[in-house]
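Text of query06.cif (mmCIF, C-alpha atoms) as supplied:
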```cif
data_input
#
loop_
_atom_site.label_atom_id
_atom_site.label_comp_id
_atom_site.auth_asym_id
_atom_site.auth_seq_id
_atom_site.Cartn_x
_atom_site.Cartn_y
_atom_site.Cartn_z
CA MET A 1 137.34 136.98 17.14
CA PRO A 2 133.75 136.98 16.05
CA THR A 3 131.08 138.53 18.24
CA PRO A 4 128.35 136.33 19.67
CA LEU A 5 125.85 137.58 17.17
CA GLU A 6 128.10 136.75 14.23
CA SER A 7 128.65 133.17 15.32
CA GLY A 8 124.92 132.53 15.29
CA ARG A 9 124.64 131.82 18.99
CA PRO A 10 122.53 134.00 21.20
CA ALA A 11 124.38 136.26 23.55
CA PRO A 12 124.65 134.86 27.10
CA LYS A 13 122.36 136.45 29.59
CA ILE A 14 124.38 138.05 32.32
CA LYS A 15 122.50 138.84 35.46
CA PRO A 16 123.41 141.96 37.27
CA LEU A 17 125.54 141.48 40.37
CA ASN A 18 122.78 142.78 42.67
CA ASP A 19 120.36 140.14 41.42
CA ARG A 20 122.98 137.44 42.07
CA LYS A 21 123.57 138.76 45.61
CA LYS A 22 119.82 138.77 46.25
CA GLN A 23 119.53 135.21 44.99
CA LEU A 24 122.43 134.08 47.19
CA SER A 25 120.90 135.88 50.15
CA GLN A 26 117.52 134.23 49.56
CA ASN A 27 119.21 130.82 49.20
CA ALA A 28 121.06 131.41 52.47
CA ILE A 29 117.82 132.37 54.20
CA GLU A 30 116.08 129.26 52.85
CA ASN A 31 119.02 127.08 53.91
CA ARG A 32 118.93 128.57 57.42
CA ARG A 33 115.18 127.99 57.58
CA ARG A 34 115.60 124.36 56.48
CA LEU A 35 118.42 123.90 58.96
CA LYS A 36 116.32 125.43 61.73
CA ASN A 37 113.38 123.16 60.84
CA ARG A 38 115.66 120.10 60.90
CA PHE A 39 117.09 121.20 64.23
CA PHE A 40 113.64 121.57 65.79
CA LEU A 41 112.54 118.26 64.32
CA CYS A 42 115.60 116.52 65.75
CA LEU A 43 115.11 118.30 69.08
CA THR A 44 111.47 117.20 69.19
CA VAL A 45 112.37 113.59 68.41
CA PHE A 46 115.15 113.67 71.03
CA LEU A 47 112.82 115.11 73.68
CA LEU A 48 110.15 112.57 72.83
CA ILE A 49 112.60 109.67 73.14
CA PHE A 50 114.11 111.13 76.32
CA SER A 51 110.64 111.57 77.83
CA LEU A 52 109.70 107.97 77.02
CA MET A 53 112.94 106.72 78.55
CA GLY A 54 112.34 108.81 81.67
CA TRP A 55 108.77 107.56 81.98
CA SER A 56 109.95 103.97 81.59
CA TYR A 57 112.69 104.52 84.17
CA MET A 58 110.26 105.95 86.72
CA GLU A 59 107.82 103.09 86.12
CA LYS A 60 110.57 100.49 86.67
CA ARG A 61 111.77 102.32 89.77
CA GLN A 62 108.25 102.29 91.23
CA LEU A 63 107.92 98.58 90.45
CA ILE A 64 111.22 97.87 92.21
CA ALA A 65 110.11 99.87 95.26
CA GLU A 66 106.84 97.90 95.42
CA GLN A 67 108.73 94.61 95.14
CA LYS A 68 111.14 95.65 97.90
CA GLN A 69 108.21 96.52 100.14
CA SER A 70 106.45 93.22 99.47
CA PHE A 71 109.75 91.40 100.08
CA GLN A 72 110.09 93.11 103.47
CA VAL A 73 106.52 92.15 104.37
CA ALA A 74 107.22 88.55 103.34
CA GLU A 75 110.39 88.52 105.45
CA GLN A 76 108.44 89.79 108.46
CA GLU A 77 105.78 87.13 107.95
CA GLN A 78 108.49 84.48 107.63
CA THR A 79 110.09 85.66 110.89
CA LYS A 80 106.72 85.52 112.66
CA ALA A 81 106.08 82.04 111.25
CA LYS A 82 109.48 80.81 112.45
CA LYS A 83 108.81 82.18 115.94
CA GLU A 84 105.37 80.57 115.97
CA THR A 85 106.85 77.27 114.81
CA ALA A 86 109.47 77.36 117.56
CA ARG A 87 106.79 78.19 120.15
CA LEU A 88 104.56 75.36 118.97
CA LYS A 89 107.46 72.87 119.01
CA GLU A 90 108.19 73.91 122.58
CA GLU A 91 104.50 73.54 123.45
CA ILE A 92 104.51 70.02 121.96
CA ASN A 93 107.54 69.10 124.04
CA ARG A 94 105.88 70.45 127.19
CA LEU A 95 102.61 68.63 126.44
CA ASN A 96 104.54 65.36 126.64
CA ASP A 97 105.25 66.18 130.31
CA LYS A 98 102.43 64.84 132.52
CA GLU A 99 103.01 67.41 135.28
CA TYR A 100 102.66 70.31 132.81
CA VAL A 101 99.43 68.85 131.41
CA ALA A 102 98.04 68.52 134.96
CA ASN A 103 98.93 72.12 135.81
CA LEU A 104 97.42 73.29 132.52
CA ALA A 105 94.17 71.42 133.20
CA ARG A 106 93.94 72.83 136.72
CA SER A 107 94.59 76.42 135.62
CA GLU A 108 92.50 76.59 132.45
CA LEU A 109 89.78 74.02 133.06
CA LEU A 110 89.53 74.58 136.85
CA TYR A 111 90.26 70.91 137.70
CA SER A 112 91.53 70.20 141.17
CA LYS A 113 93.39 67.53 143.01
CA LYS A 114 91.71 65.64 145.81
CA GLY A 115 91.37 67.85 148.82
CA GLU A 116 92.03 71.11 146.93
CA THR A 117 89.57 73.97 147.01
CA ILE A 118 89.52 76.32 144.03
CA PHE A 119 88.70 79.97 144.49
CA TYR A 120 87.86 81.77 141.31
CA PHE A 121 88.00 85.57 141.23
CA SER A 122 86.54 87.35 138.25
CA PRO A 123 88.58 90.26 136.94
CA GLU A 124 87.20 93.67 137.82
CA ASP A 125 86.12 95.86 134.97
#
```
Go ahead and render the structure in this file as structure tokens.
Amino acid sequence: MPTPLESGRPAPKIKPLNDRKKQLSQNAIENRRRLKNRFFLCLTVFLLIFSLMGWSYMEKRQLIAEQKQSFQVAEQEQTKAKKETARLKEEINRLNDKEYVANLARSELLYSKKGETIFYFSPED
């Protein structure tokens, strides 16, 4: 078998084993660094997305609470309006009664029947 120099090809360069171990070690360190950078990038993106989702959730929750409160206020106003409507309907029915109208005129407008004397007392302060 001819030697590498006799065949006309240059002899292959063989790196010492220590150099190869150093190179592998440096590659492993670079790979870990890249992996760590990717991890922190992914973690940052995840935290950013999670924060935005949390902010959106809290905003929607506050909006729902405000709407519930305004709904309760509207229900209270509706209840008051229904009571007022019922009271006014009753008042209309009573105003159709002539005796009620006469009593109302005597009490609020100080009208009197013939022969009646009205005594008015002012409230004491």
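Note that the spacing between CA of Ala65 in chain A and CA of Ser51 in chain A amounts to 21.0 Å.
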(message) as a PyMOL selection string, please: the residues near Tyr120 in chain A (cut-off 12 Å, only C-alpha atoms, same-chain neighbours under 3 positions excluded).
(response) chain A and resi 106-111+117+123
What are the centre and edge lengths in Å, to one decimal, of the axis-aligned box around all listed atoms of range 69-80 of chain A with 4 Å added on each side, as AutoDock Vina command-line options?
```
--center_x 108.1 --center_y 90.5 --center_z 106.1 --size_x 12.6 --size_y 20.0 --size_z 21.2
```
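Between CA of Lys22 in chain A and CA of Lys36 in chain A lies a distance of 20.7 Å.
In this model, the gap between CA of Ala102 in chain A and CA of Phe119 in chain A comes to 17.6 Å.
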